[in-house]
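Just data-v3.cif here, mmCIF, C-alpha atoms:
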data_run
loop_
_atom_site.label_atom_id
_atom_site.label_comp_id
_atom_site.auth_asym_id
_atom_site.auth_seq_id
_atom_site.Cartn_x
_atom_site.Cartn_y
_atom_site.Cartn_z
CA MET E 9 132.98 -24.02 -92.23
CA LYS E 10 130.58 -24.85 -95.07
CA THR E 11 128.18 -27.77 -94.59
CA ASP E 12 126.05 -29.41 -97.26
CA LEU E 13 122.43 -29.56 -96.10
CA SER E 14 121.91 -32.79 -98.05
CA SER E 15 124.26 -34.45 -95.54
CA PHE E 16 121.72 -33.78 -92.76
CA ARG E 17 119.15 -36.45 -91.93
CA ARG E 18 115.73 -35.79 -93.42
CA SER E 19 112.98 -35.97 -90.80
CA SER E 20 109.45 -34.69 -90.22
CA THR E 21 109.48 -35.05 -86.45
CA PHE E 22 112.07 -32.54 -85.19
CA TYR E 23 109.77 -29.50 -85.40
CA ALA E 24 106.38 -28.66 -83.92
CA PRO E 25 103.34 -27.79 -86.10
CA LYS E 26 103.66 -24.32 -87.64
CA ALA E 27 101.13 -21.62 -88.51
CA PHE E 28 102.30 -18.61 -90.48
CA LEU E 29 101.47 -16.05 -93.14
CA VAL E 30 103.52 -15.70 -96.31
CA SER E 31 103.58 -12.71 -98.61
CA VAL E 32 103.36 -13.79 -102.26
CA LYS E 33 104.69 -11.05 -104.53
CA SER E 34 103.13 -12.64 -107.57
CA PHE E 35 101.11 -15.71 -108.43
CA ASN E 36 103.08 -15.96 -111.68
CA LEU E 37 106.54 -17.19 -110.73
CA LYS E 38 107.32 -18.25 -114.30
CA GLU E 39 107.29 -14.63 -115.46
CA ILE E 40 109.65 -13.60 -112.66
CA ARG E 41 112.09 -16.40 -113.51
CA THR E 42 112.12 -15.37 -117.16
CA ARG E 43 112.90 -11.78 -116.19
CA TYR E 44 115.65 -12.87 -113.79
CA LEU E 45 117.35 -15.13 -116.32
CA LYS E 46 117.35 -12.27 -118.83
CA SER E 47 118.99 -9.92 -116.31
CA LYS E 48 121.74 -12.51 -115.73
CA GLN E 49 122.83 -12.07 -119.35
CA ARG E 50 123.79 -8.41 -118.90
CA ALA E 51 127.48 -7.60 -118.98
CA ASP E 52 127.39 -5.17 -116.02
CA GLY E 53 126.81 -8.03 -113.55
CA ARG E 54 123.97 -6.32 -111.69
CA VAL E 55 120.88 -8.43 -111.05
CA GLY E 56 117.45 -6.90 -111.60
CA SER E 57 115.45 -4.81 -114.04
CA VAL E 58 116.79 -1.60 -115.58
CA GLU E 59 113.35 -0.28 -116.53
CA ARG E 60 110.25 0.12 -114.41
CA ARG E 61 108.03 -2.88 -114.99
CA ALA E 62 104.30 -3.39 -114.56
CA LEU E 63 103.27 -4.27 -111.01
CA ALA E 64 102.06 -7.80 -110.33
CA GLN E 65 99.13 -9.11 -108.37
CA GLY E 66 100.09 -11.07 -105.31
CA GLY E 67 98.54 -11.78 -101.95
CA LEU E 68 98.70 -13.15 -98.43
CA VAL E 69 98.48 -16.88 -97.83
CA TYR E 70 97.84 -18.54 -94.48
CA VAL E 71 99.76 -21.83 -94.14
CA GLU E 72 99.86 -24.61 -91.58
CA LEU E 73 102.64 -27.22 -91.63
CA GLU E 74 102.67 -30.50 -89.75
CA LYS E 75 104.71 -33.70 -90.09
CA GLY E 76 106.13 -32.98 -93.52
CA LEU E 77 102.94 -31.68 -95.13
CA ILE E 78 100.99 -28.50 -95.71
CA SER E 79 97.99 -29.48 -93.63
CA LYS E 80 96.06 -26.32 -94.49
CA TYR E 81 96.41 -23.22 -96.62
CA GLU E 82 94.16 -20.36 -97.64
CA ILE E 83 94.67 -17.32 -99.86
CA ILE E 84 93.54 -14.62 -97.44
CA SER E 85 93.75 -11.56 -99.65
CA PHE E 86 94.94 -10.30 -103.02
CA LEU E 87 97.26 -7.27 -102.97
CA THR E 88 99.62 -5.43 -105.31
CA GLU E 89 103.09 -6.93 -104.80
CA PRO E 90 103.09 -7.59 -101.07
CA ARG E 91 106.60 -8.31 -99.83
CA GLY E 92 107.13 -7.34 -96.21
CA ILE E 93 105.07 -9.04 -93.52
CA ASP E 94 105.48 -9.22 -89.75
CA ALA E 95 103.32 -10.10 -86.77
CA ALA E 96 103.34 -8.99 -83.17
CA LYS E 97 101.07 -10.37 -80.47
CA ASP E 98 98.08 -8.23 -81.45
CA MET E 99 99.13 -6.69 -84.78
CA ILE E 100 100.00 -7.73 -88.32
CA ALA E 101 101.81 -5.42 -90.75
CA VAL E 102 102.04 -5.99 -94.49
CA SER E 103 103.42 -3.88 -97.32
CA SER E 104 101.80 -3.52 -100.72
CA GLU E 105 104.29 -1.94 -103.15
CA ASN E 106 104.31 1.60 -101.69
CA THR E 107 101.78 1.31 -98.86
CA ILE E 108 101.77 -0.31 -95.43
CA HIS E 109 98.71 -1.79 -93.73
CA VAL E 110 98.82 -2.27 -89.95
CA ILE E 111 96.04 -4.60 -88.83
CA SER E 112 94.79 -4.87 -85.26
CA SER E 113 91.58 -5.78 -83.44
CA ASN E 114 90.55 -2.14 -83.90
CA GLY E 115 90.70 -2.41 -87.69
CA ILE E 116 93.37 -1.14 -90.07
CA ASP E 117 95.70 1.82 -90.20
CA ARG E 118 97.44 2.77 -93.42
CA ILE E 119 100.89 4.33 -93.62
CA ASP E 120 101.87 6.24 -96.75
CA ASP E 121 104.98 8.24 -97.54
CA PRO E 122 106.22 9.84 -100.79
CA TRP E 123 109.53 8.00 -100.32
CA PHE E 124 107.91 4.58 -100.15
CA SER E 125 108.87 2.54 -103.22
CA TYR E 126 109.19 -1.23 -103.62
CA ILE E 127 108.86 -1.74 -99.86
CA HIS E 128 110.55 -5.04 -99.02
CA THR E 129 110.27 -5.52 -95.26
CA VAL E 130 108.30 -4.33 -92.26
CA HIS E 131 109.41 -5.23 -88.75
CA PHE E 132 107.96 -4.64 -85.27
CA ASN E 133 110.35 -3.76 -82.47
CA HIS E 134 108.81 -6.31 -80.08
CA ARG E 135 106.74 -9.45 -80.45
CA HIS E 136 104.70 -8.29 -77.46
CA ASP E 137 103.53 -4.72 -76.90
CA ALA E 138 105.12 -3.46 -80.12
CA ASP E 139 105.09 0.32 -80.48
CA ARG E 140 107.46 0.88 -83.44
CA LEU E 141 107.67 -0.37 -87.01
CA LEU E 142 110.73 -0.46 -89.28
CA VAL E 143 110.33 -0.12 -93.05
CA SER E 144 112.85 -0.80 -95.83
CA SER E 145 111.94 1.34 -98.83
CA SER E 146 114.19 -0.49 -101.26
CA GLY E 147 113.25 1.61 -104.29
CA PHE E 148 115.02 4.66 -102.88
CA ASP E 149 117.68 3.02 -100.69
CA CYS E 150 116.14 4.28 -97.45
CA ILE E 151 114.87 3.14 -94.06
CA PHE E 152 112.11 4.56 -91.88
CA GLU E 153 110.79 3.95 -88.40
CA TYR E 154 107.20 4.75 -87.45
CA ASN E 155 105.63 5.35 -84.03
CA LEU E 156 102.58 3.10 -83.84
CA THR E 157 100.87 5.31 -81.28
CA ASP E 158 100.11 8.00 -83.84
CA PHE E 159 101.75 6.51 -86.99
CA SER E 160 104.19 9.40 -87.28
CA ARG E 161 107.67 9.00 -88.75
CA SER E 162 110.13 8.80 -85.84
CA TRP E 163 113.41 8.16 -87.71
CA GLU E 164 114.85 8.02 -91.22
CA TRP E 165 118.08 6.95 -92.92
CA PHE E 166 119.04 7.45 -96.58
CA ALA E 167 121.92 5.37 -97.91
CA TRP E 168 122.80 8.17 -100.36
CA GLU E 169 123.63 10.45 -97.41
CA HIS E 170 125.71 7.91 -95.51
CA GLY E 171 128.36 6.84 -97.99
CA PHE E 172 126.30 4.63 -100.33
CA GLN E 173 125.53 6.89 -103.28
CA LYS E 174 126.74 5.10 -106.41
CA GLY E 175 123.89 3.81 -108.54
CA PHE E 176 123.95 2.50 -112.10
CA ASN E 177 123.22 4.26 -115.39
CA PRO E 178 121.81 1.68 -117.85
CA GLN E 179 122.36 4.05 -120.80
CA THR E 180 126.11 4.40 -120.25
CA GLY E 181 126.73 1.18 -118.32
CA LYS E 182 128.62 3.23 -115.73
CA GLU E 183 128.13 4.35 -112.15
CA ILE E 184 125.89 7.32 -111.42
CA LEU E 185 125.59 9.38 -108.24
CA LEU E 186 122.14 9.48 -106.64
CA THR E 187 120.86 12.40 -104.59
CA ARG E 188 117.68 14.03 -103.30
CA ASN E 189 119.52 17.23 -102.31
CA VAL E 190 119.10 20.12 -104.76
CA ARG E 191 122.38 21.78 -103.74
CA GLU E 192 124.34 18.57 -104.12
CA ALA E 193 122.74 18.02 -107.53
CA GLY E 194 123.88 21.50 -108.54
CA SER E 195 127.41 20.75 -107.38
CA PHE E 196 127.48 17.51 -109.39
CA ARG E 197 126.24 19.37 -112.47
CA LYS E 198 128.95 22.04 -112.20
CA LYS E 199 131.63 19.38 -111.88
CA GLY E 200 130.29 17.53 -114.93
CA MET E 201 129.58 14.41 -112.92
CA ASP E 202 127.05 11.77 -113.94
CA TYR E 203 124.19 12.03 -111.43
CA LEU E 204 120.46 11.55 -110.96
CA PHE E 205 118.45 13.99 -108.87
CA ILE E 206 115.30 12.51 -107.33
CA SER E 207 113.21 15.63 -106.85
CA ASP E 208 109.73 14.07 -106.92
CA PRO E 209 109.72 10.53 -105.49
CA GLU E 210 106.02 10.07 -106.18
CA LYS E 211 106.64 10.43 -109.93
CA GLN E 212 110.19 9.09 -110.27
CA ALA E 213 111.41 5.51 -109.80
CA LEU E 214 114.64 3.55 -109.58
CA PRO E 215 114.41 0.01 -110.99
CA THR E 216 116.40 -2.65 -109.16
CA ALA E 217 119.68 -2.45 -111.10
CA GLN E 218 119.86 1.37 -110.86
CA ARG E 219 119.81 1.56 -107.06
CA ALA E 220 122.89 2.23 -105.00
CA ALA E 221 122.43 -0.13 -102.06
CA PHE E 222 119.09 -1.88 -102.67
CA ILE E 223 118.35 -2.39 -98.97
CA ASN E 224 115.95 -5.30 -99.16
CA SER E 225 115.58 -6.02 -95.45
CA VAL E 226 115.93 -4.10 -92.22
CA LEU E 227 115.29 -5.51 -88.75
CA TYR E 228 115.98 -4.40 -85.20
CA ASP E 229 119.13 -5.84 -83.65
CA HIS E 230 117.65 -7.38 -80.50
CA THR E 231 121.07 -7.59 -78.82
CA ARG E 232 121.89 -3.88 -79.09
CA LYS E 233 119.66 -0.94 -78.23
CA ASN E 234 118.90 1.56 -81.02
CA THR E 235 120.64 -0.59 -83.62
CA LEU E 236 119.36 -2.02 -86.90
CA LEU E 237 120.45 -4.79 -89.27
CA ALA E 238 120.22 -3.85 -92.96
CA THR E 239 120.87 -6.14 -95.92
CA PHE E 240 122.51 -4.57 -98.99
CA PHE E 241 121.57 -6.69 -102.01
CA HIS E 242 123.97 -5.23 -104.60
CA GLU E 243 127.04 -5.19 -102.35
CA GLY E 244 126.30 -8.58 -100.81
CA SER E 245 126.64 -7.41 -97.23
CA VAL E 246 124.79 -6.95 -93.95
CA TYR E 247 125.38 -3.72 -92.02
CA ARG E 248 124.68 -2.84 -88.41
CA ILE E 249 123.33 0.73 -88.36
CA ASN E 250 123.49 2.95 -85.27
CA MET E 251 120.24 4.90 -85.06
CA ALA E 252 121.86 7.61 -82.91
CA ASP E 253 124.53 8.76 -85.37
CA GLY E 254 123.62 6.94 -88.60
CA SER E 255 126.95 5.09 -88.81
CA ALA E 256 127.04 1.72 -90.56
CA GLU E 257 129.31 -1.19 -89.59
CA LYS E 258 129.67 -4.20 -91.89
CA ILE E 259 129.07 -7.48 -90.02
CA LEU E 260 128.60 -9.97 -92.91
CA ASP E 261 130.23 -9.82 -96.34
CA GLY E 262 130.80 -11.89 -99.46
CA LEU E 263 127.14 -12.80 -99.89
CA LYS E 264 125.40 -13.14 -103.26
CA SER E 265 122.14 -11.18 -103.68
CA PRO E 266 121.41 -11.55 -99.95
CA HIS E 267 118.16 -11.21 -98.01
CA GLY E 268 117.16 -11.18 -94.36
CA GLY E 269 120.15 -10.23 -92.21
CA ARG E 270 118.97 -10.93 -88.66
CA ASN E 271 119.78 -12.16 -85.18
CA TYR E 272 120.23 -15.89 -84.72
CA ARG E 273 120.99 -17.23 -81.25
CA ASP E 274 124.13 -15.44 -80.06
CA HIS E 275 125.26 -14.22 -83.51
CA TYR E 276 123.84 -13.15 -86.90
CA MET E 277 122.69 -14.86 -90.06
CA ALA E 278 121.64 -13.95 -93.60
CA THR E 279 120.44 -15.76 -96.71
CA SER E 280 122.99 -15.69 -99.53
CA THR E 281 120.21 -15.98 -102.06
CA SER E 282 121.82 -16.76 -105.41
CA ALA E 283 124.56 -18.84 -103.76
CA GLY E 284 121.88 -21.02 -102.14
CA GLU E 285 123.41 -20.71 -98.69
CA LEU E 286 122.59 -19.72 -95.14
CA CYS E 287 125.56 -17.77 -93.75
CA PHE E 288 126.36 -17.04 -90.13
CA SER E 289 128.60 -14.39 -88.56
CA ASN E 290 130.65 -17.09 -86.78
CA GLY E 291 131.97 -18.19 -90.20
CA ASP E 292 129.70 -21.20 -90.71
CA SER E 293 127.45 -21.66 -93.73
CA ILE E 294 124.96 -24.26 -94.96
CA SER E 295 124.63 -24.97 -98.68
CA PHE E 296 121.34 -26.07 -100.25
CA ALA E 297 122.94 -26.86 -103.63
CA GLY E 298 122.88 -30.63 -103.09
CA LEU E 299 119.13 -30.83 -102.49
CA PRO E 300 116.89 -32.40 -105.15
CA GLY E 301 113.80 -30.89 -106.71
CA LYS E 302 114.93 -28.17 -109.16
CA PRO E 303 113.54 -28.06 -112.69
CA PRO E 304 116.14 -28.78 -115.44
CA GLU E 305 116.27 -25.17 -116.70
CA LEU E 306 117.52 -24.04 -113.27
CA ALA E 307 120.35 -26.57 -113.04
CA GLY E 308 123.36 -24.98 -111.37
CA MET E 309 121.32 -22.01 -110.14
CA GLU E 310 120.06 -21.33 -106.62
CA TRP E 311 117.55 -18.84 -105.21
CA LEU E 312 116.78 -18.91 -101.48
CA GLN E 313 114.39 -16.00 -101.20
CA ASN E 314 114.59 -15.61 -97.43
CA SER E 315 115.00 -17.48 -94.15
CA ALA E 316 113.46 -16.95 -90.72
CA PRO E 317 114.25 -18.55 -87.36
CA PHE E 318 111.41 -20.20 -85.43
CA GLU E 319 111.68 -21.61 -81.91
CA ASP E 320 112.75 -25.08 -83.00
CA CYS E 321 114.07 -24.60 -86.55
CA ILE E 322 114.88 -22.23 -89.38
CA ILE E 323 112.47 -22.07 -92.32
CA SER E 324 113.98 -21.11 -95.69
CA ILE E 325 111.95 -20.24 -98.78
CA ASP E 326 113.58 -22.16 -101.64
CA ALA E 327 112.15 -20.49 -104.74
CA ASN E 328 113.87 -22.76 -107.27
CA ARG E 329 112.58 -25.92 -105.59
CA ASN E 330 109.22 -24.35 -104.66
CA SER E 331 109.67 -25.65 -101.13
CA PHE E 332 109.73 -24.63 -97.51
CA VAL E 333 112.99 -26.06 -96.17
CA LEU E 334 113.00 -26.57 -92.40
CA LEU E 335 116.34 -27.21 -90.72
CA ASP E 336 118.02 -27.48 -87.35
CA PRO E 337 121.79 -26.86 -87.69
CA LEU E 338 122.56 -28.35 -84.25
CA LYS E 339 120.55 -31.55 -84.68
CA ARG E 340 121.65 -31.77 -88.34
CA LYS E 341 118.10 -32.48 -89.49
CA TYR E 342 116.02 -31.00 -92.30
CA ASP E 343 112.74 -31.38 -94.14
CA MET E 344 111.36 -30.13 -97.48
CA ILE E 345 107.68 -29.32 -98.00
CA SER E 346 106.57 -28.34 -101.49
CA TYR E 347 104.21 -25.41 -102.11
CA ASP E 348 102.34 -24.14 -105.17
CA PRO E 349 104.89 -23.63 -108.01
CA ASN E 350 103.09 -20.44 -109.07
CA TRP E 351 103.79 -18.71 -105.76
CA ALA E 352 106.65 -16.18 -105.68
CA ILE E 353 106.93 -16.10 -101.89
CA GLN E 354 108.84 -13.18 -100.39
CA ASP E 355 108.59 -13.34 -96.61
CA ILE E 356 107.16 -15.33 -93.73
CA ALA E 357 105.72 -14.37 -90.33
CA SER E 358 104.65 -16.69 -87.52
CA VAL E 359 101.06 -16.37 -86.34
CA GLY E 360 101.33 -18.99 -83.62
CA ASP E 361 100.02 -16.75 -80.82
CA PRO E 362 96.23 -17.07 -80.39
CA GLU E 363 95.86 -13.27 -80.42
CA THR E 364 97.74 -13.02 -83.70
CA ARG E 365 95.96 -15.91 -85.34
CA ALA E 366 92.61 -14.34 -84.44
CA LEU E 367 93.54 -11.36 -86.62
CA VAL E 368 94.10 -13.52 -89.71
CA GLY E 369 90.40 -14.11 -90.27
CA GLY E 370 89.75 -10.38 -90.14
CA ILE E 371 92.23 -9.61 -92.92
CA LYS E 372 89.67 -10.64 -95.52
CA GLU E 373 87.21 -7.98 -94.45
CA ILE E 374 89.87 -5.35 -93.86
CA ILE E 375 91.97 -5.41 -97.02
CA GLY E 376 89.89 -7.38 -99.47
CA SER E 377 88.80 -10.99 -99.67
CA THR E 378 89.46 -13.68 -102.23
#

What's the structure tokens form of this structure?
Amino acid sequence: MKTDLSSFRRSSTFYAPKAFLVSVKSFNLKEIRTRYLKSKQRADGRVGSVERRALAQGGLVYVELEKGLISKYEIISFLTEPRGIDAAKDMIAVSSENTIHVISSNGIDRIDDPWFSYIHTVHFNHRHDADRLLVSSSGFDCIFEYNLTDFSRSWEWFAWEHGFQKGFNPQTGKEILLTRNVREAGSFRKKGMDYLFISDPEKQALPTAQRAAFINSVLYDHTRKNTLLATFFHEGSVYRINMADGSAEKILDGLKSPHGGRNYRDHYMATSTSAGELCFSNGDSISFAGLPGKPPELAGMEWLQNSAPFEDCIISIDANRNSFVLLDPLKRKYDMISYDPNWAIQDIASVGDPETRALVGGIKEIIGST
């Protein structure tokens, strides 16, 4: 059943004070909106760039919310296109385009991989005593897990090798097969098939529209051992991936440019970004379309960048209204708190634990101050 969020009662008292970090991909949201609106005019229907664009400067921002207001904020660090951010009890992980920084009381460890490209999410396996980190390398439709004891790669999954191989050729406007396997590329060539062989990931790139799956989030499924939840932006689906055999089972479908498939209470949820909805695996959905606050040029358009559950509410990042939207579906209450209209916020991570919050101040010295 679909519910209009504007029918909820607006309140600033149903949630406790919040402290979190947000990753801001760019401090120039206007440029991103212009690029997005241009991509919407293409006839192929795919959202996103077809050519590699210049990287933007973004950063990490520490935010405190209380009683309907941002009571404190601070730009902690400037980074190149940070998207993924997550926090465990004594660690913070953040991605910067094709690099991951893992911050602890001991300092910083950096994770690099030739197949890292447009990293979108990083996710610890546990909030306490985390020892693994999941990475969605969206630029090449792949997922990695890293052992945090020695920062070695412990697992990998390429969409191209598990039934999701059809990308997009902007020159022909048709589908193209993607591969990193030299033998498969040779077979495609002999058959006269349209394909793209990624032989050197450090020098090659796949812009958004050309990717096959565009996996823009991957999180551990906390209800099933050795299972992941991956969000496929182009298809509009969330898959449950078995780490043992690599099989993928669709658990949410019919979404529009989705982000953040994840556990929520006893089921699953995801943000149907361009539909402006929160969707749940029990069939319920919540629409943000009736909320006020959008500029005139975005009338009729929605963009919920992501949503994350906290203990007493869900916080959604409403990019078109430049607001944090806090909601409790059971109490039917919500609140909207505006943030800087220049911020292109990507993700959010709670730093409520004292151990985690203590690390925030050290980020300046570790990865560059403002």

### Query
Looking at all atoms listed in the file, which of E:Glu210, E:Asp320, E:Glu285, E:Asp336 is the one that sits closest to Pro266 (chain E)?
E:Glu285

### Message
Residue by residue, what does the PyMOL selection byres ((chain E and resi 359-366) around 6) grab here? Present the result as a VMD selection string.
### Response
chain E and resid 27 to 28 97 to 98 358 367 to 368

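Picture a line from CA of Asn189 (chain E) to CA of Pro209 (chain E); it runs 12.3 Å.
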
List the neighbours of Ser14 (chain E) out to 10 Å using only C-alpha atoms; skip same-chain residues closer than 6 positions along the sequence, and give me the result as a short mmCIF file (atom, residue, chain, number, x, y, z; two decimals) with C-alpha atoms, keeping the file's coordinate frame.
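What follows is the written file out-v1.cif:
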data_model
loop_
_atom_site.label_atom_id
_atom_site.label_comp_id
_atom_site.auth_asym_id
_atom_site.auth_seq_id
_atom_site.Cartn_x
_atom_site.Cartn_y
_atom_site.Cartn_z
CA ILE E 294 124.96 -24.26 -94.96
CA SER E 295 124.63 -24.97 -98.68
CA PHE E 296 121.34 -26.07 -100.25
CA ALA E 297 122.94 -26.86 -103.63
CA GLY E 298 122.88 -30.63 -103.09
CA LEU E 299 119.13 -30.83 -102.49
CA PRO E 300 116.89 -32.40 -105.15
CA ARG E 340 121.65 -31.77 -88.34
CA LYS E 341 118.10 -32.48 -89.49
CA TYR E 342 116.02 -31.00 -92.30
#

### Test item: the PyMOL selection byres ((chain E and resi 101) around 10) resolved as a PyMOL selection string
chain E and resi 92-96+99-100+102-103+108-112+116-118+129-132+141+357

### Task
Would you list the contacts of region 230-232 of chain E as a PyMOL selection string, taking every protein, DNA or RNA residue within 10 Å and counting only C-alpha atoms, but skipping same-chain residues closer than 2 positions in sequence?
chain E and resi 133-134+227-228+234-237+248+250+270-275

Deliver the residues from the most recent selection as a file, using C-alpha atoms, as an mmCIF file, in the frame of the given file.
data_model
loop_
_atom_site.group_PDB
_atom_site.id
_atom_site.type_symbol
_atom_site.label_atom_id
_atom_site.label_comp_id
_atom_site.auth_asym_id
_atom_site.auth_seq_id
_atom_site.Cartn_x
_atom_site.Cartn_y
_atom_site.Cartn_z
ATOM 1 C CA ASN E 133 110.350 -3.760 -82.470
ATOM 2 C CA HIS E 134 108.810 -6.310 -80.080
ATOM 3 C CA LEU E 227 115.290 -5.510 -88.750
ATOM 4 C CA TYR E 228 115.980 -4.400 -85.200
ATOM 5 C CA ASN E 234 118.900 1.560 -81.020
ATOM 6 C CA THR E 235 120.640 -0.590 -83.620
ATOM 7 C CA LEU E 236 119.360 -2.020 -86.900
ATOM 8 C CA LEU E 237 120.450 -4.790 -89.270
ATOM 9 C CA ARG E 248 124.680 -2.840 -88.410
ATOM 10 C CA ASN E 250 123.490 2.950 -85.270
ATOM 11 C CA ARG E 270 118.970 -10.930 -88.660
ATOM 12 C CA ASN E 271 119.780 -12.160 -85.180
ATOM 13 C CA TYR E 272 120.230 -15.890 -84.720
ATOM 14 C CA ARG E 273 120.990 -17.230 -81.250
ATOM 15 C CA ASP E 274 124.130 -15.440 -80.060
ATOM 16 C CA HIS E 275 125.260 -14.220 -83.510
#

### Task
May I ask which of the residues E:Arg18, E:Lys198, E:Lys10, E:His267 is the closest one to Val333 (chain E), counting only C-alpha atoms?
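With only C-alpha atoms as the atom set, the closest residue is E:Arg18.
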
### Query
If the PyMOL selection byres ((chain E and resi 286) around 12) is run on the structure shown, which residues does it catch, given as a PyMOL selection string?
chain E and resi 9-13+260+263-264+266-270+272+276-285+287-297+310-317+322-326+333+335-337

### Task
Mind checking which residues fall within 6 Å of region 151-154 of chain E, counting only C-alpha atoms, ignoring those fewer than 5 positions away in the same chain, and posting them as a PyMOL selection string?
chain E and resi 140-145+159-165

### Query
Quick one, how far is CA of Leu68 (chain E) from CA of Phe35 (chain E)?
10.6 Å

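Proximity ranking of E:Ile223, E:Leu29, E:Ala167, E:Leu87 relative to Ser255 (chain E) places E:Ala167 first, based on all atoms listed in the file.
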
### Query
Between E:Thr88, E:Asn155, E:Gln173, E:Ser125, which has the minimum distance to Ala213 (chain E) (counting all atoms listed in the file)?
E:Ser125

### Message
Counting all atoms listed in the file, which residues have an atom no more than 6 Å from (127.4, -4.6, -93.0) in the file's coordinates? Please list them as a list in words.
### Response
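Protein and nucleic acid residues near the point are Ser245, Val246, Tyr247, Arg248, Glu257, Lys258, Ile259 and Leu260 of chain E.
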
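One finds CA of Asp348 (chain E) at 12.6 Å from CA of Leu77 (chain E).
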
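Among E:Phe172, E:Glu319, E:Arg219, E:Gln212, the residue with the shortest atom-to-atom distance to Ala256 (chain E), counting only C-alpha atoms, is E:Phe172.
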
### Task
Please provide as number ranges by chain all residues within 9 Å of Tyr203 (chain E), with the sequence filter that same-chain residues fewer than 4 positions apart are discarded (counting only C-alpha atoms).
E: 174-175, 177, 183-187, 193, 196-197

Could the residues in this selection be saved with C-alpha atoms as a PDB file, in the frame of the given file?
ATOM      1  CA  LYS E 174     126.740   5.100-106.410  1.00  0.00           C
ATOM      2  CA  GLY E 175     123.890   3.810-108.540  1.00  0.00           C
ATOM      3  CA  ASN E 177     123.220   4.260-115.390  1.00  0.00           C
ATOM      4  CA  GLU E 183     128.130   4.350-112.150  1.00  0.00           C
ATOM      5  CA  ILE E 184     125.890   7.320-111.420  1.00  0.00           C
ATOM      6  CA  LEU E 185     125.590   9.380-108.240  1.00  0.00           C
ATOM      7  CA  LEU E 186     122.140   9.480-106.640  1.00  0.00           C
ATOM      8  CA  THR E 187     120.860  12.400-104.590  1.00  0.00           C
ATOM      9  CA  ALA E 193     122.740  18.020-107.530  1.00  0.00           C
ATOM     10  CA  PHE E 196     127.480  17.510-109.390  1.00  0.00           C
ATOM     11  CA  ARG E 197     126.240  19.370-112.470  1.00  0.00           C
TER      12      ARG E 197
END

### Leu306 (chain E) surroundings by only C-alpha atoms, 12 Å radius, close-in-sequence under 2 positions cut, as a list in words
Lys38, Arg41, Thr42, Tyr44, Leu45, Ser282, Ala297, Pro300, Gly301, Lys302, Pro303, Pro304, Gly308, Met309, Glu310, Trp311, Ala327, Asn328, Arg329 and Asn330 of chain E

Keeping only C-alpha atoms, take the residues you just selected and write them out as a tab-separated table (two decimals), in the frame of the given file.
chain	number	residue	atom	x	y	z
E	38	LYS	CA	107.32	-18.25	-114.30
E	41	ARG	CA	112.09	-16.40	-113.51
E	42	THR	CA	112.12	-15.37	-117.16
E	44	TYR	CA	115.65	-12.87	-113.79
E	45	LEU	CA	117.35	-15.13	-116.32
E	282	SER	CA	121.82	-16.76	-105.41
E	297	ALA	CA	122.94	-26.86	-103.63
E	300	PRO	CA	116.89	-32.40	-105.15
E	301	GLY	CA	113.80	-30.89	-106.71
E	302	LYS	CA	114.93	-28.17	-109.16
E	303	PRO	CA	113.54	-28.06	-112.69
E	304	PRO	CA	116.14	-28.78	-115.44
E	308	GLY	CA	123.36	-24.98	-111.37
E	309	MET	CA	121.32	-22.01	-110.14
E	310	GLU	CA	120.06	-21.33	-106.62
E	311	TRP	CA	117.55	-18.84	-105.21
E	327	ALA	CA	112.15	-20.49	-104.74
E	328	ASN	CA	113.87	-22.76	-107.27
E	329	ARG	CA	112.58	-25.92	-105.59
E	330	ASN	CA	109.22	-24.35	-104.66

### Query
Smallest atom-to-atom distance to Glu39 (chain E): which of E:Gln218, E:Asn350, E:Ser15, E:Ser79, using only C-alpha atoms?
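Checking each candidate against Glu39 (chain E), we get E:Asn350 as the closest.
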